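Asks: Structure below; questions to follow.
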Amino acid sequence: MVTQIETVREIVGADEESFIALERILDANEGDLTPGAVVTEARNPESPLHHHFEWDNAKAADAHRLNQARALIQSYRLHVVDERGERTVRFYSNVVIRDEHTYRRTEEILRIDGLREQRRMKLVKELTRLQGDLKAFDEHSAAVRAIQTAIDTLNGAEKPTLAT
């Protein structure tokens, strides 16, 4: 007896009208969906995409500079060579302190129980997202299993170190 499993496909996202607008852009551009084309469409106040963007140029410029600051902070790495080998890790890592996102030195985060746990949970979330992306590719099933092993290890780990 063969059991047939029904395939279920569901699109999950912001809203249906915005999705339809994105699909229309993709179709109009030979299958390419670029941020530039999306912004061009969204400039029209009647577009369902319009409300997803900040149109006040001063606010948008500040938001862009904040993104540039994040990229700058995240660009620094620490090269570590010790008895465990050689590796490169982020010098600063993002954590939430008093309900505000901030960066701290990764070495400091690993010494403070609450911050170390917060960082571990974020790594599990990032690995879970990556695992979900890889599941779309049948040929990467070994990588999906390896990520699951990493997630399981992180969920059982007591004290992560700079072994990242």
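All residue names refer to the structure tokens as shown: chains lettered A, B, ... in order, residues numbered from 1 in each chain, ligands numbered from 1 in order.
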Pull the helix (DSSP H, G or I) assignments for chain A out of DSSP run on the backbone, and list those residues as an MDAnalysis selection string.

Replies: chainID A and resid 16:28 35:42 50:52 57:74 106:111 113:134 138:156

Asks: When DSSP works through the backbone of this structure, what residues of chain A end up as strand (DSSP E), shown as a CSV table (one decimal) with C-alpha atoms, in the first residue's frame?

Replies:
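Saved the output as part_26.csv:
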```csv
chain,number,residue,atom,x,y,z
A,77,ARG,CA,36.3,40.6,12.9
A,78,LEU,CA,38.6,39.1,15.5
A,79,HIS,CA,41.2,36.6,14.3
A,80,VAL,CA,41.8,34.1,17.1
A,81,VAL,CA,44.7,31.6,17.3
A,82,ASP,CA,44.8,29.4,20.4
A,85,GLY,CA,43.0,26.3,16.3
A,86,GLU,CA,42.5,29.3,14.2
A,87,ARG,CA,39.3,31.1,13.5
A,88,THR,CA,37.7,34.5,12.7
A,89,VAL,CA,34.7,35.7,14.6
A,90,ARG,CA,32.6,38.9,14.8
A,92,TYR,CA,30.9,43.0,17.9
A,93,SER,CA,27.6,41.1,18.2
A,94,ASN,CA,24.1,42.5,18.5
A,95,VAL,CA,22.1,42.0,21.7
A,96,VAL,CA,19.1,43.6,23.3
A,97,ILE,CA,19.7,45.5,26.5
A,100,GLU,CA,17.2,48.5,22.8
A,101,HIS,CA,19.3,46.8,20.2
A,102,THR,CA,23.0,47.4,20.8
A,103,TYR,CA,26.4,46.0,19.9
A,104,ARG,CA,28.8,44.7,22.5
A,105,ARG,CA,32.2,43.0,22.1
```

Asks: Select, from A:Asp152, A:Glu17, A:Glu139, A:Asp99, the residue with the minimum atom-to-atom distance to Arg120 (chain A), counting only C-alpha atoms.

Replies: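 Checking each of A:Asp152, A:Glu17, A:Glu139, A:Asp99 against Arg120 (chain A), counting only C-alpha atoms, the winner is A:Asp152.
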
Asks: If you count only C-alpha atoms, which residues fall within 8 Å of Gln148 (chain A), apart from same-chain ones fewer than 3 positions away, as a PyMOL selection string?

Replies: chain A and resi 128+131+144-145+151-152

Asks: Dump N, CA and C atoms for the selected residues as a JSON list (two decimals), in the first residue's frame?

Replies:
```json
[["chain", "number", "residue", "atom", "x", "y", "z"],
["A", 128, "THR", "N", 18.08, 28.07, 11.93],
["A", 128, "THR", "CA", 16.77, 27.54, 11.55],
["A", 128, "THR", "C", 16.30, 28.19, 10.26],
["A", 131, "GLN", "N", 18.43, 26.75, 7.46],
["A", 131, "GLN", "CA", 17.99, 25.38, 7.23],
["A", 131, "GLN", "C", 16.72, 25.37, 6.37],
["A", 144, "VAL", "N", 21.22, 20.21, 5.45],
["A", 144, "VAL", "CA", 20.05, 20.42, 6.32],
["A", 144, "VAL", "C", 20.21, 19.58, 7.60],
["A", 145, "ARG", "N", 20.65, 18.34, 7.43],
["A", 145, "ARG", "CA", 20.86, 17.47, 8.60],
["A", 145, "ARG", "C", 22.00, 18.00, 9.48],
["A", 151, "ILE", "N", 22.01, 22.90, 15.52],
["A", 151, "ILE", "CA", 20.92, 23.46, 16.34],
["A", 151, "ILE", "C", 20.74, 22.63, 17.60],
["A", 152, "ASP", "N", 20.73, 21.31, 17.44],
["A", 152, "ASP", "CA", 20.58, 20.43, 18.60],
["A", 152, "ASP", "C", 21.73, 20.63, 19.58]]
```

Asks: Listing only residues of region 48-152 of chain A within 12 Å of region 9-15 of chain A, what is the closest atom pair and its distance in Å (to one decimal) for each, using only C-alpha atoms, sorted by chain and residue number ascending, as a Markdown table?

Replies:
```
| residue | atom | partner | partner_atom | distance |
| --- | --- | --- | --- | --- |
| A:Pro48 | CA | A:Asp15 | CA | 9.0 |
| A:Leu49 | CA | A:Asp15 | CA | 9.7 |
| A:His51 | CA | A:Ala14 | CA | 11.3 |
| A:His52 | CA | A:Ala14 | CA | 9.3 |
```

Asks: Would you output that residue set with N, CA and C atoms, as a short mmCIF file (atom, residue, chain, number, x, y, z; two decimals), in the first residue's frame?

Replies:
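Result written to result17.cif:
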```cif
data_model
loop_
_atom_site.label_atom_id
_atom_site.label_comp_id
_atom_site.auth_asym_id
_atom_site.auth_seq_id
_atom_site.Cartn_x
_atom_site.Cartn_y
_atom_site.Cartn_z
N PRO A 48 -0.10 49.46 -4.04
CA PRO A 48 -0.18 48.78 -2.74
C PRO A 48 1.19 48.65 -2.07
N LEU A 49 2.25 48.92 -2.80
CA LEU A 49 3.60 48.86 -2.24
C LEU A 49 4.00 50.16 -1.55
N HIS A 51 2.96 52.06 0.87
CA HIS A 51 2.99 52.20 2.34
C HIS A 51 4.12 51.40 3.00
N HIS A 52 4.82 50.58 2.25
CA HIS A 52 5.94 49.81 2.80
C HIS A 52 7.23 50.65 2.89
#
```

Asks: Which residues are near Phe53 (chain A)? Cut-off 10 Å, only C-alpha atoms, ignore same chain within fewer than 4 positions. Put them as a list in words.

Replies: Val39, Ala42, Arg43, Leu49 and Ala60 of chain A

Asks: I need the residue nearest Leu26 (chain A) from this list: A:His140, A:Glu41, A:Leu110, A:Leu72. Use only C-alpha atoms for the distance.

Replies: A:Glu41

Asks: For a test of reading the model, state the distance in Å between CA of Ile112 (chain A) and CA of Phe91 (chain A), rounded to one decimal.

Replies: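 Going from CA of Ile112 (chain A) over to CA of Phe91 (chain A), I get 15.8 Å.
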